[in-house]
file work-v9.pdb (PDB, C-alpha atoms)
ATOM      1  CA  MET A   1      41.490 -14.921  19.312
ATOM      2  CA  LEU A   2      39.001 -15.963  16.627
ATOM      3  CA  ASP A   3      36.572 -13.329  17.903
ATOM      4  CA  LYS A   4      39.255 -10.639  17.615
ATOM      5  CA  ILE A   5      40.020 -11.628  14.007
ATOM      6  CA  ARG A   6      36.289 -11.691  13.205
ATOM      7  CA  SER A   7      35.807  -8.252  14.775
ATOM      8  CA  ALA A   8      38.829  -6.821  12.919
ATOM      9  CA  LEU A   9      37.538  -8.194   9.602
ATOM     10  CA  LYS A  10      34.050  -6.828  10.339
ATOM     11  CA  SER A  11      35.336  -3.314  11.055
ATOM     12  CA  LEU A  12      37.588  -3.483   7.975
ATOM     13  CA  PHE A  13      34.665  -4.422   5.721
ATOM     14  CA  SER A  14      32.189  -2.023   7.332
ATOM     15  CA  GLY A  15      34.772   0.752   6.926
ATOM     16  CA  PHE A  16      35.253  -0.211   3.305
ATOM     17  CA  PHE A  17      31.528  -0.130   2.567
ATOM     18  CA  LYS A  18      31.096   3.099   4.517
ATOM     19  CA  LYS A  19      33.608   4.767   2.224
ATOM     20  CA  LYS A  20      31.725   3.393  -0.770
ATOM     21  CA  LYS A  21      28.501   5.098   0.408
ATOM     22  CA  GLN A  22      27.797   8.019  -1.877
ATOM     23  CA  LEU A  23      27.861  11.453  -0.287
ATOM     24  CA  LYS A  24      24.570  13.316  -0.627
ATOM     25  CA  LEU A  25      25.038  17.060  -1.037
ATOM     26  CA  GLY A  26      21.821  19.017  -0.535
ATOM     27  CA  LEU A  27      21.046  22.440  -1.944
ATOM     28  CA  TYR A  28      18.749  24.231   0.482
ATOM     29  CA  GLY A  29      17.329  27.705   0.905
ATOM     30  CA  PRO A  30      14.305  29.947   0.420
ATOM     31  CA  PRO A  31      12.549  30.101  -2.987
ATOM     32  CA  ASN A  32      14.248  31.988  -5.827
ATOM     33  CA  GLY A  33      17.686  32.062  -4.223
ATOM     34  CA  GLY A  34      19.184  30.263  -7.215
ATOM     35  CA  LYS A  35      19.475  26.651  -6.013
ATOM     36  CA  THR A  36      18.595  25.151  -9.394
ATOM     37  CA  THR A  37      20.737  27.702 -11.248
ATOM     38  CA  LEU A  38      23.686  26.565  -9.103
ATOM     39  CA  ALA A  39      22.738  22.887  -9.591
ATOM     40  CA  ASN A  40      22.676  23.507 -13.354
ATOM     41  CA  LYS A  41      26.073  25.206 -13.224
ATOM     42  CA  ILE A  42      27.604  22.279 -11.297
ATOM     43  CA  CYS A  43      26.045  19.710 -13.645
ATOM     44  CA  LYS A  44      27.016  21.661 -16.761
ATOM     45  CA  ASP A  45      30.627  22.030 -15.521
ATOM     46  CA  TRP A  46      31.122  18.383 -14.595
ATOM     47  CA  LEU A  47      28.525  16.355 -16.485
ATOM     48  CA  GLY A  48      27.918  18.565 -19.495
ATOM     49  CA  GLU A  49      24.162  18.688 -18.969
ATOM     50  CA  GLU A  50      21.702  20.754 -16.918
ATOM     51  CA  MET A  51      19.580  19.493 -14.030
ATOM     52  CA  GLY A  52      16.302  21.404 -14.039
ATOM     53  CA  SER A  53      14.369  24.379 -15.339
ATOM     54  CA  VAL A  54      14.671  27.830 -13.788
ATOM     55  CA  SER A  55      12.175  30.695 -13.711
ATOM     56  CA  ASN A  56      11.650  34.129 -12.205
ATOM     57  CA  ILE A  57       8.362  32.893 -10.761
ATOM     58  CA  PRO A  58       9.041  31.451  -7.298
ATOM     59  CA  HIS A  59       8.659  27.710  -6.591
ATOM     60  CA  GLU A  60       9.763  26.573 -10.058
ATOM     61  CA  THR A  61      11.335  23.528  -8.378
ATOM     62  CA  ARG A  62       8.514  21.734  -6.609
ATOM     63  CA  GLU A  63       9.957  18.275  -6.179
ATOM     64  CA  ILE A  64      13.269  16.853  -5.021
ATOM     65  CA  LYS A  65      15.680  16.293  -7.913
ATOM     66  CA  ILE A  66      18.772  14.121  -7.647
ATOM     67  CA  LYS A  67      21.730  13.945  -9.976
ATOM     68  CA  GLU A  68      23.939  10.989  -9.193
ATOM     69  CA  GLN A  69      27.676  10.451  -9.440
ATOM     70  CA  ILE A  70      28.961  13.974  -9.979
ATOM     71  CA  LEU A  71      32.755  13.900  -9.985
ATOM     72  CA  ILE A  72      34.491  17.234  -9.423
ATOM     73  CA  LYS A  73      38.239  17.823  -9.421
ATOM     74  CA  SER A  74      40.494  20.464  -7.944
ATOM     75  CA  GLY A  75      44.255  19.986  -8.353
ATOM     76  CA  ASN A  76      44.981  16.399  -7.383
ATOM     77  CA  LYS A  77      41.842  16.115  -5.258
ATOM     78  CA  GLN A  78      38.554  14.723  -6.460
ATOM     79  CA  LEU A  79      35.117  14.403  -4.963
ATOM     80  CA  THR A  80      32.132  12.311  -6.001
ATOM     81  CA  PHE A  81      28.651  13.060  -4.725
ATOM     82  CA  ASN A  82      24.950  12.841  -5.448
ATOM     83  CA  LEU A  83      23.485  16.320  -5.803
ATOM     84  CA  VAL A  84      20.068  16.860  -4.218
ATOM     85  CA  ASP A  85      18.250  19.968  -5.451
ATOM     86  CA  THR A  86      15.368  20.774  -3.107
ATOM     87  CA  PRO A  87      12.265  22.983  -3.458
ATOM     88  CA  GLY A  88      12.577  26.326  -1.670
ATOM     89  CA  ILE A  89      11.448  26.373   1.951
ATOM     90  CA  ALA A  90       8.767  28.964   2.719
ATOM     91  CA  THR A  91       6.211  29.591   5.440
ATOM     92  CA  ARG A  92       3.652  31.268   3.158
ATOM     93  CA  ILE A  93       2.324  30.369  -0.287
ATOM     94  CA  ASP A  94      -0.450  32.392  -1.904
ATOM     95  CA  TYR A  95      -1.652  31.296  -5.339
ATOM     96  CA  GLU A  96      -2.561  34.919  -6.106
ATOM     97  CA  ASP A  97       1.156  35.774  -6.141
ATOM     98  CA  PHE A  98       1.549  33.360  -9.060
ATOM     99  CA  VAL A  99      -1.422  34.973 -10.819
ATOM    100  CA  LYS A 100       0.275  38.360 -10.391
ATOM    101  CA  ALA A 101       3.427  36.808 -11.900
ATOM    102  CA  GLY A 102       1.473  35.898 -15.030
ATOM    103  CA  LEU A 103       0.048  32.407 -14.517
ATOM    104  CA  ASP A 104      -3.634  31.716 -15.118
ATOM    105  CA  GLU A 105      -5.725  30.934 -12.037
ATOM    106  CA  GLU A 106      -5.794  27.154 -12.479
ATOM    107  CA  GLU A 107      -2.041  26.961 -13.116
ATOM    108  CA  ALA A 108      -1.441  29.187 -10.095
ATOM    109  CA  LYS A 109      -3.568  27.013  -7.799
ATOM    110  CA  THR A 110      -1.835  23.835  -8.997
ATOM    111  CA  ARG A 111       1.580  25.461  -8.542
ATOM    112  CA  ALA A 112       0.668  26.554  -5.008
ATOM    113  CA  LYS A 113      -0.508  23.057  -4.090
ATOM    114  CA  GLU A 114       2.626  21.430  -5.495
ATOM    115  CA  ALA A 115       4.815  24.054  -3.806
ATOM    116  CA  THR A 116       3.388  23.259  -0.348
ATOM    117  CA  LYS A 117       4.157  19.563  -0.891
ATOM    118  CA  GLY A 118       7.643  20.532  -2.073
ATOM    119  CA  VAL A 119       8.353  22.424   1.155
ATOM    120  CA  ILE A 120       7.304  19.401   3.232
ATOM    121  CA  ASP A 121       9.536  17.095   1.134
ATOM    122  CA  SER A 122      12.519  19.441   1.491
ATOM    123  CA  ILE A 123      12.193  19.391   5.275
ATOM    124  CA  LYS A 124      11.857  15.583   5.318
ATOM    125  CA  TRP A 125      15.065  15.316   3.253
ATOM    126  CA  LEU A 126      17.039  17.167   5.941
ATOM    127  CA  ASP A 127      17.470  13.751   7.575
ATOM    128  CA  SER A 128      18.980  12.206   4.441
ATOM    129  CA  VAL A 129      21.705  14.622   3.355
ATOM    130  CA  ASP A 130      25.365  14.436   4.460
ATOM    131  CA  ALA A 131      26.382  18.040   3.720
ATOM    132  CA  VAL A 132      24.417  21.123   2.718
ATOM    133  CA  VAL A 133      24.964  24.222   0.634
ATOM    134  CA  VAL A 134      22.483  26.888   1.735
ATOM    135  CA  VAL A 135      21.836  29.151  -1.246
ATOM    136  CA  LEU A 136      20.732  32.684  -0.344
ATOM    137  CA  ASP A 137      19.816  35.579  -2.584
ATOM    138  CA  ALA A 138      22.549  38.095  -1.661
ATOM    139  CA  THR A 139      20.276  41.024  -2.567
ATOM    140  CA  LYS A 140      17.795  40.107   0.184
ATOM    141  CA  ASP A 141      17.909  40.485   3.962
ATOM    142  CA  PRO A 142      19.416  37.223   5.255
ATOM    143  CA  LEU A 143      17.966  37.644   8.754
ATOM    144  CA  ASN A 144      14.640  35.884   8.309
ATOM    145  CA  GLN A 145      13.092  32.982  10.140
ATOM    146  CA  VAL A 146      13.288  30.498   7.238
ATOM    147  CA  ASN A 147      17.089  30.909   7.007
ATOM    148  CA  ILE A 148      17.462  30.730  10.784
ATOM    149  CA  THR A 149      15.311  27.591  10.960
ATOM    150  CA  ILE A 150      17.190  25.820   8.137
ATOM    151  CA  LEU A 151      20.618  26.635   9.594
ATOM    152  CA  GLY A 152      19.528  25.853  13.168
ATOM    153  CA  ASN A 153      18.238  22.438  12.148
ATOM    154  CA  LEU A 154      21.388  21.604  10.209
ATOM    155  CA  GLN A 155      23.495  22.645  13.187
ATOM    156  CA  ALA A 156      21.391  20.495  15.536
ATOM    157  CA  LYS A 157      21.839  17.523  13.184
ATOM    158  CA  LYS A 158      25.606  18.259  12.954
ATOM    159  CA  ILE A 159      25.454  18.468   9.165
ATOM    160  CA  PRO A 160      28.320  20.497   7.618
ATOM    161  CA  VAL A 161      27.078  23.712   5.993
ATOM    162  CA  LEU A 162      28.429  26.123   3.401
ATOM    163  CA  ILE A 163      26.493  29.309   2.682
ATOM    164  CA  VAL A 164      26.427  30.611  -0.870
ATOM    165  CA  GLY A 165      25.452  34.257  -1.367
ATOM    166  CA  ASN A 166      24.143  34.117  -4.919
ATOM    167  CA  LYS A 167      23.415  36.881  -7.456
ATOM    168  CA  ILE A 168      26.570  38.931  -6.798
ATOM    169  CA  ASP A 169      26.202  40.213 -10.366
ATOM    170  CA  LEU A 170      23.379  42.426  -9.044
ATOM    171  CA  LYS A 171      24.217  45.834  -7.540
ATOM    172  CA  ARG A 172      22.216  45.332  -4.364
ATOM    173  CA  ALA A 173      24.095  42.114  -3.465
ATOM    174  CA  ASP A 174      25.659  42.344  -0.005
ATOM    175  CA  ILE A 175      27.851  39.401   0.982
ATOM    176  CA  LYS A 176      29.196  41.216   4.066
ATOM    177  CA  LYS A 177      25.670  41.341   5.470
ATOM    178  CA  ILE A 178      25.327  37.546   5.148
ATOM    179  CA  GLU A 179      28.743  37.073   6.790
ATOM    180  CA  ASN A 180      27.796  39.382   9.658
ATOM    181  CA  THR A 181      24.424  37.696  10.139
ATOM    182  CA  PHE A 182      25.846  34.168  10.212
ATOM    183  CA  PRO A 183      29.454  34.619  11.404
ATOM    184  CA  GLN A 184      29.827  30.957  12.371
ATOM    185  CA  TYR A 185      29.594  29.795   8.720
ATOM    186  CA  LYS A 186      31.830  30.099   5.684
ATOM    187  CA  VAL A 187      30.138  32.310   3.080
ATOM    188  CA  VAL A 188      31.034  32.343  -0.628
ATOM    189  CA  GLY A 189      29.685  35.016  -2.956
ATOM    190  CA  ILE A 190      28.951  33.801  -6.473
ATOM    191  CA  SER A 191      26.810  34.417  -9.511
ATOM    192  CA  ALA A 192      25.557  30.970 -10.498
ATOM    193  CA  LYS A 193      23.941  32.489 -13.583
ATOM    194  CA  TYR A 194      27.171  33.942 -14.985
ATOM    195  CA  GLY A 195      29.648  31.580 -13.307
ATOM    196  CA  THR A 196      31.355  34.376 -11.344
ATOM    197  CA  SER A 197      33.563  33.057  -8.480
ATOM    198  CA  VAL A 198      32.292  29.517  -8.974
ATOM    199  CA  GLU A 199      35.904  28.282  -8.637
ATOM    200  CA  ASP A 200      35.902  29.663  -5.070
ATOM    201  CA  PHE A 201      32.709  27.731  -4.454
ATOM    202  CA  TYR A 202      34.315  24.460  -5.604
ATOM    203  CA  THR A 203      37.349  25.103  -3.377
ATOM    204  CA  GLU A 204      35.055  25.641  -0.355
ATOM    205  CA  LEU A 205      33.080  22.528  -1.279
ATOM    206  CA  PHE A 206      36.277  20.479  -0.923
ATOM    207  CA  ASN A 207      36.898  22.116   2.457
ATOM    208  CA  LEU A 208      33.332  21.365   3.516
ATOM    209  CA  VAL A 209      33.387  17.620   2.961
ATOM    210  CA  LYS A 210      37.150  16.953   3.057
ATOM    211  CA  PRO A 211      37.295  13.946   0.685
TER     212      PRO A 211
ATOM    213  CA  MET B   1      -9.148  44.997  14.974
ATOM    214  CA  ILE B   2      -5.972  43.018  15.510
ATOM    215  CA  THR B   3      -5.861  40.434  18.275
ATOM    216  CA  ILE B   4      -2.601  39.439  19.904
ATOM    217  CA  GLU B   5      -2.889  36.271  21.960
ATOM    218  CA  PHE B   6      -0.265  35.773  24.639
ATOM    219  CA  ILE B   7       0.480  32.189  25.620
ATOM    220  CA  PRO B   8       2.605  31.792  28.778
ATOM    221  CA  PHE B   9       5.308  29.112  28.868
ATOM    222  CA  SER B  10       3.383  27.155  31.522
ATOM    223  CA  GLN B  11       0.532  26.536  29.070
ATOM    224  CA  MET B  12       2.855  24.942  26.527
ATOM    225  CA  SER B  13       5.473  23.169  28.628
ATOM    226  CA  GLY B  14       3.460  19.981  29.182
ATOM    227  CA  LEU B  15       2.299  19.634  25.580
ATOM    228  CA  SER B  16       3.732  17.408  22.870
ATOM    229  CA  THR B  17       5.200  19.015  19.725
ATOM    230  CA  GLU B  18       2.040  18.232  17.772
ATOM    231  CA  GLN B  19      -0.232  19.654  20.469
ATOM    232  CA  LYS B  20       1.852  22.845  20.721
ATOM    233  CA  ILE B  21       1.818  23.422  16.982
ATOM    234  CA  LYS B  22      -1.877  22.681  16.614
ATOM    235  CA  LYS B  23      -2.614  25.145  19.423
ATOM    236  CA  ILE B  24      -0.557  27.871  17.713
ATOM    237  CA  LEU B  25      -2.063  27.226  14.281
ATOM    238  CA  LYS B  26      -5.619  27.140  15.636
ATOM    239  CA  SER B  27      -5.214  30.727  16.849
ATOM    240  CA  VAL B  28      -3.318  31.882  13.755
ATOM    241  CA  LYS B  29      -6.024  30.464  11.484
ATOM    242  CA  SER B  30      -8.525  32.623  13.380
ATOM    243  CA  ASP B  31      -6.467  35.668  12.339
ATOM    244  CA  LYS B  32      -4.775  36.117  15.710
ATOM    245  CA  ILE B  33      -1.113  36.958  16.220
ATOM    246  CA  VAL B  34       0.308  34.528  18.743
ATOM    247  CA  LEU B  35       2.960  35.717  21.169
ATOM    248  CA  LEU B  36       4.473  32.778  22.945
ATOM    249  CA  GLN B  37       6.659  33.028  26.021
ATOM    250  CA  GLY B  38       9.787  31.015  25.269
ATOM    251  CA  LYS B  39      11.063  29.557  22.043
ATOM    252  CA  LEU B  40      10.209  26.491  20.021
ATOM    253  CA  LYS B  41      12.797  23.720  19.724
ATOM    254  CA  LYS B  42      14.604  23.380  16.385
ATOM    255  CA  ASP B  43      12.591  20.334  15.322
ATOM    256  CA  GLU B  44       9.382  22.070  16.440
ATOM    257  CA  GLU B  45      10.175  24.971  14.087
ATOM    258  CA  THR B  46      10.332  22.602  11.106
ATOM    259  CA  GLU B  47       7.222  20.750  12.278
ATOM    260  CA  LEU B  48       5.432  24.113  12.424
ATOM    261  CA  ILE B  49       6.378  24.803   8.793
ATOM    262  CA  LYS B  50       5.421  21.273   7.690
ATOM    263  CA  LEU B  51       2.013  21.355   9.364
ATOM    264  CA  THR B  52       1.377  24.881   8.102
ATOM    265  CA  MET B  53       2.130  23.798   4.535
ATOM    266  CA  SER B  54      -0.270  20.872   4.838
ATOM    267  CA  MET B  55      -3.018  23.373   5.783
ATOM    268  CA  VAL B  56      -2.380  25.997   3.079
ATOM    269  CA  ASN B  57      -5.330  26.530   0.767
ATOM    270  CA  GLU B  58      -7.004  29.371  -1.103
ATOM    271  CA  LYS B  59      -8.041  31.086   2.149
ATOM    272  CA  PHE B  60      -5.148  30.260   4.468
ATOM    273  CA  HIS B  61      -1.813  31.287   2.920
ATOM    274  CA  GLY B  62       0.481  30.244   5.724
ATOM    275  CA  ILE B  63       2.276  31.968   8.557
ATOM    276  CA  GLU B  64       4.910  34.567   9.315
ATOM    277  CA  PRO B  65       6.982  33.362  12.265
ATOM    278  CA  ALA B  66       9.822  34.936  14.213
ATOM    279  CA  ILE B  67      11.685  33.396  17.106
ATOM    280  CA  PHE B  68      13.844  35.631  19.277
ATOM    281  CA  SER B  69      16.472  34.340  21.673
ATOM    282  CA  PRO B  70      18.532  36.558  23.924
ATOM    283  CA  GLU B  71      22.033  36.868  22.529
ATOM    284  CA  ILE B  72      24.809  36.399  25.038
ATOM    285  CA  LYS B  73      27.920  38.341  24.138
ATOM    286  CA  ASN B  74      31.231  38.178  25.915
ATOM    287  CA  THR B  75      31.824  41.861  26.608
ATOM    288  CA  GLY B  76      35.062  41.246  28.486
ATOM    289  CA  ASN B  77      33.464  40.692  31.897
ATOM    290  CA  PHE B  78      34.019  36.951  32.124
ATOM    291  CA  LEU B  79      32.041  36.461  35.367
ATOM    292  CA  LYS B  80      29.022  38.261  33.918
ATOM    293  CA  PHE B  81      29.306  36.209  30.735
ATOM    294  CA  LEU B  82      29.485  32.976  32.725
ATOM    295  CA  LYS B  83      26.490  34.011  34.857
ATOM    296  CA  GLU B  84      24.395  34.761  31.774
ATOM    297  CA  LYS B  85      25.432  31.476  30.161
ATOM    298  CA  PHE B  86      24.412  29.627  33.327
ATOM    299  CA  ILE B  87      21.018  31.396  33.517
ATOM    300  CA  ASN B  88      20.484  30.656  29.839
ATOM    301  CA  MET B  89      21.231  26.973  30.440
ATOM    302  CA  LEU B  90      18.810  26.819  33.383
ATOM    303  CA  LEU B  91      15.954  28.609  31.637
ATOM    304  CA  SER B  92      16.626  26.945  28.298
ATOM    305  CA  ASP B  93      13.480  27.138  26.087
ATOM    306  CA  ARG B  94      11.740  29.495  28.531
ATOM    307  CA  GLN B  95      14.080  32.281  27.361
ATOM    308  CA  GLY B  96      13.093  34.358  24.338
ATOM    309  CA  ILE B  97       9.771  34.822  22.587
ATOM    310  CA  THR B  98       8.053  33.276  19.594
ATOM    311  CA  LEU B  99       5.758  35.282  17.400
ATOM    312  CA  VAL B 100       3.540  33.622  14.813
ATOM    313  CA  GLY B 101       0.936  35.432  12.743
ATOM    314  CA  PRO B 102      -1.194  34.736   9.688
ATOM    315  CA  ALA B 103       0.570  35.445   6.382
ATOM    316  CA  ASN B 104      -2.393  37.436   5.068
ATOM    317  CA  LEU B 105      -2.120  39.840   8.021
ATOM    318  CA  ILE B 106       1.640  40.106   8.571
ATOM    319  CA  LYS B 107       3.383  41.316   5.444
ATOM    320  CA  GLU B 108       6.859  41.104   6.874
ATOM    321  CA  ILE B 109       8.785  40.890  10.116
ATOM    322  CA  LYS B 110      11.923  43.012   9.953
ATOM    323  CA  ARG B 111      14.420  42.176  12.615
ATOM    324  CA  ASP B 112      17.861  43.008  13.796
ATOM    325  CA  PRO B 113      19.517  42.105  17.095
ATOM    326  CA  GLU B 114      18.165  45.297  18.726
ATOM    327  CA  LYS B 115      14.542  45.537  17.553
ATOM    328  CA  MET B 116      11.714  43.951  15.637
ATOM    329  CA  GLN B 117       9.300  45.616  13.207
ATOM    330  CA  LEU B 118       5.983  44.051  12.344
ATOM    331  CA  LEU B 119       4.618  45.242   9.002
ATOM    332  CA  LEU B 120       0.889  44.537   8.892
ATOM    333  CA  ASP B 121      -1.591  44.551   6.034
ATOM    334  CA  LEU B 122      -4.455  46.409   7.716
ATOM    335  CA  ASN B 123      -6.650  46.022   4.638
ATOM    336  CA  VAL B 124      -7.248  42.419   5.668
ATOM    337  CA  SER B 125      -9.241  43.287   8.783
ATOM    338  CA  ARG B 126     -11.082  46.016   6.857
ATOM    339  CA  ARG B 127     -11.926  43.547   4.086
ATOM    340  CA  LYS B 128     -13.210  41.130   6.699
ATOM    341  CA  LYS B 129     -15.552  43.759   8.198
ATOM    342  CA  LYS B 130     -17.154  44.301   4.796
TER     343      LYS B 130
END
call {"tool": "encode", "arguments": {"input": "work-v9.pdb", "output": "structure tokens"}}
result
Amino acid sequence: MLDKIRSALKSLFSGFFKKKKQLKLGLYGPPNGGKTTLANKICKDWLGEEMGSVSNIPHETREIKIKEQILIKSGNKQLTFNLVDTPGIATRIDYEDFVKAGLDEEEAKTRAKEATKGVIDSIKWLDSVDAVVVVLDATKDPLNQVNITILGNLQAKKIPVLIVGNKIDLKRADIKKIENTFPQYKVVGISAKYGTSVEDFYTELFNLVKP
Amino acid sequence: MITIEFIPFSQMSGLSTEQKIKKILKSVKSDKIVLLQGKLKKDEETELIKLTMSMVNEKFHGIEPAIFSPEIKNTGNFLKFLKEKFINMLLSDRQGITLVGPANLIKEIKRDPEKMQLLLDLNVSRRKKK
């Protein structure tokens, strides 16, 4: 009898603390998809401040950035999470591409070195996130190995995924193509830069983690 | 000249993840395109990216990988669908192909469910000859 009471109390308390554990929402994707732009939009909307710098030169985010305790609301529902902005995952990094983008050689070499470390850190963090928003540039072909590898790993780890097709403000954006390429996932088209359809994104975020 | 190195499944099946990836990267770093019978496991794909990134330097810029798995569609013939599913389950990682090439040689791999296009930078091998 005493054992049963002890076990019931244990499960009650472990359940209580489990609920207290903060949800970690990861932003993943290839470089220059707009992960940090989306992170900034979320932080600006709900915290009133931005999270990180953005640039047209790929691999601007080269280390994991975390913003804690973001509380978002939709109707009578609310959701609190820690936002994890990750460096873009790539299989190739050539410092000469950064030189072509306008950096001097030393800066470019440093950026390339930091970017490779960033990719490794992003992959390591796949084991620590509870839900993931994969941010894709909707103007680019979604059928590439980096996207397939990210989504395949998340599926294998049973981590809930929402795909965001970003940059719908650009003419070449094609959300249908992303939907057709990854039919098993919910896809939301947004422009993180201009805030277009971001409300739809928040609605899908609630569906993703079901608070 | 472009070298394509074919590695049969039997050569990889007994190796650990680390051994497999090192074997692939050794060939890729010598400017060979590796064509592997079968596909890498999901965690092996990420290990391949991680190890590649740890090797990137001014000369080696990384890899261009593509993993193809046969897609099984239910065309209405349920028995055929079931048979293909069963074969797929039996063959598991032996099904499909994995292609990995050096990033300085392969500019892009364009793919759709029907075909694959390998866009190469042939100037690399010419530059090497000089």
call {"tool": "interface_residues", "arguments": {"input": "work-v9.pdb", "of": "chain A", "to": "chain B", "cutoff": "9 Å", "atoms": "all atoms listed in the file", "output": "PyMOL selection string"}}
result
chain A and resi 89-96+109+112-113+115-117+119-121+123-124+141+143-146+148-150+152-153+156
call {"tool": "resolve_selection", "arguments": {"input": "work-v9.pdb", "expression": "the PyMOL selection byres ((chain A and resi 185-187) around 8)", "output": "VMD selection string"}}
result
chain A and resid 161 to 165 175 178 to 179 182 to 184 188 to 189
call {"tool": "resolve_selection", "arguments": {"input": "work-v9.pdb", "expression": "the PyMOL selection byres ((chain A and resi 173) around 8)", "output": "list of chain:residue names"}}
result
A:Asp137, A:Ala138, A:Thr139, A:Lys140, A:Lys167, A:Ile168, A:Asp169, A:Leu170, A:Lys171, A:Arg172, A:Asp174, A:Ile175
call {"tool": "residues_around", "arguments": {"input": "work-v9.pdb", "residues": "Asp130 in chain A", "least_positions_apart": "3", "cutoff": "7 Å", "atoms": "only C-alpha atoms", "output": "VMD selection string"}}
result
chain A and resid 23 to 25 159
call {"tool": "write_last_selection", "arguments": {"input": "work-v9.pdb", "atoms": "C-alpha atoms", "output": "short mmCIF file (atom, residue, chain, number, x, y, z; two decimals), in the coordinates of the input"}}
result
data_model
loop_
_atom_site.label_atom_id
_atom_site.label_comp_id
_atom_site.auth_asym_id
_atom_site.auth_seq_id
_atom_site.Cartn_x
_atom_site.Cartn_y
_atom_site.Cartn_z
CA LEU A 23 27.86 11.45 -0.29
CA LYS A 24 24.57 13.32 -0.63
CA LEU A 25 25.04 17.06 -1.04
CA ILE A 159 25.45 18.47 9.16
#
call {"tool": "atom_distance", "arguments": {"input": "work-v9.pdb", "atom1": "CA of Glu50 in chain A", "atom2": "CA of Val209 in chain A"}}
result
23.3 Å
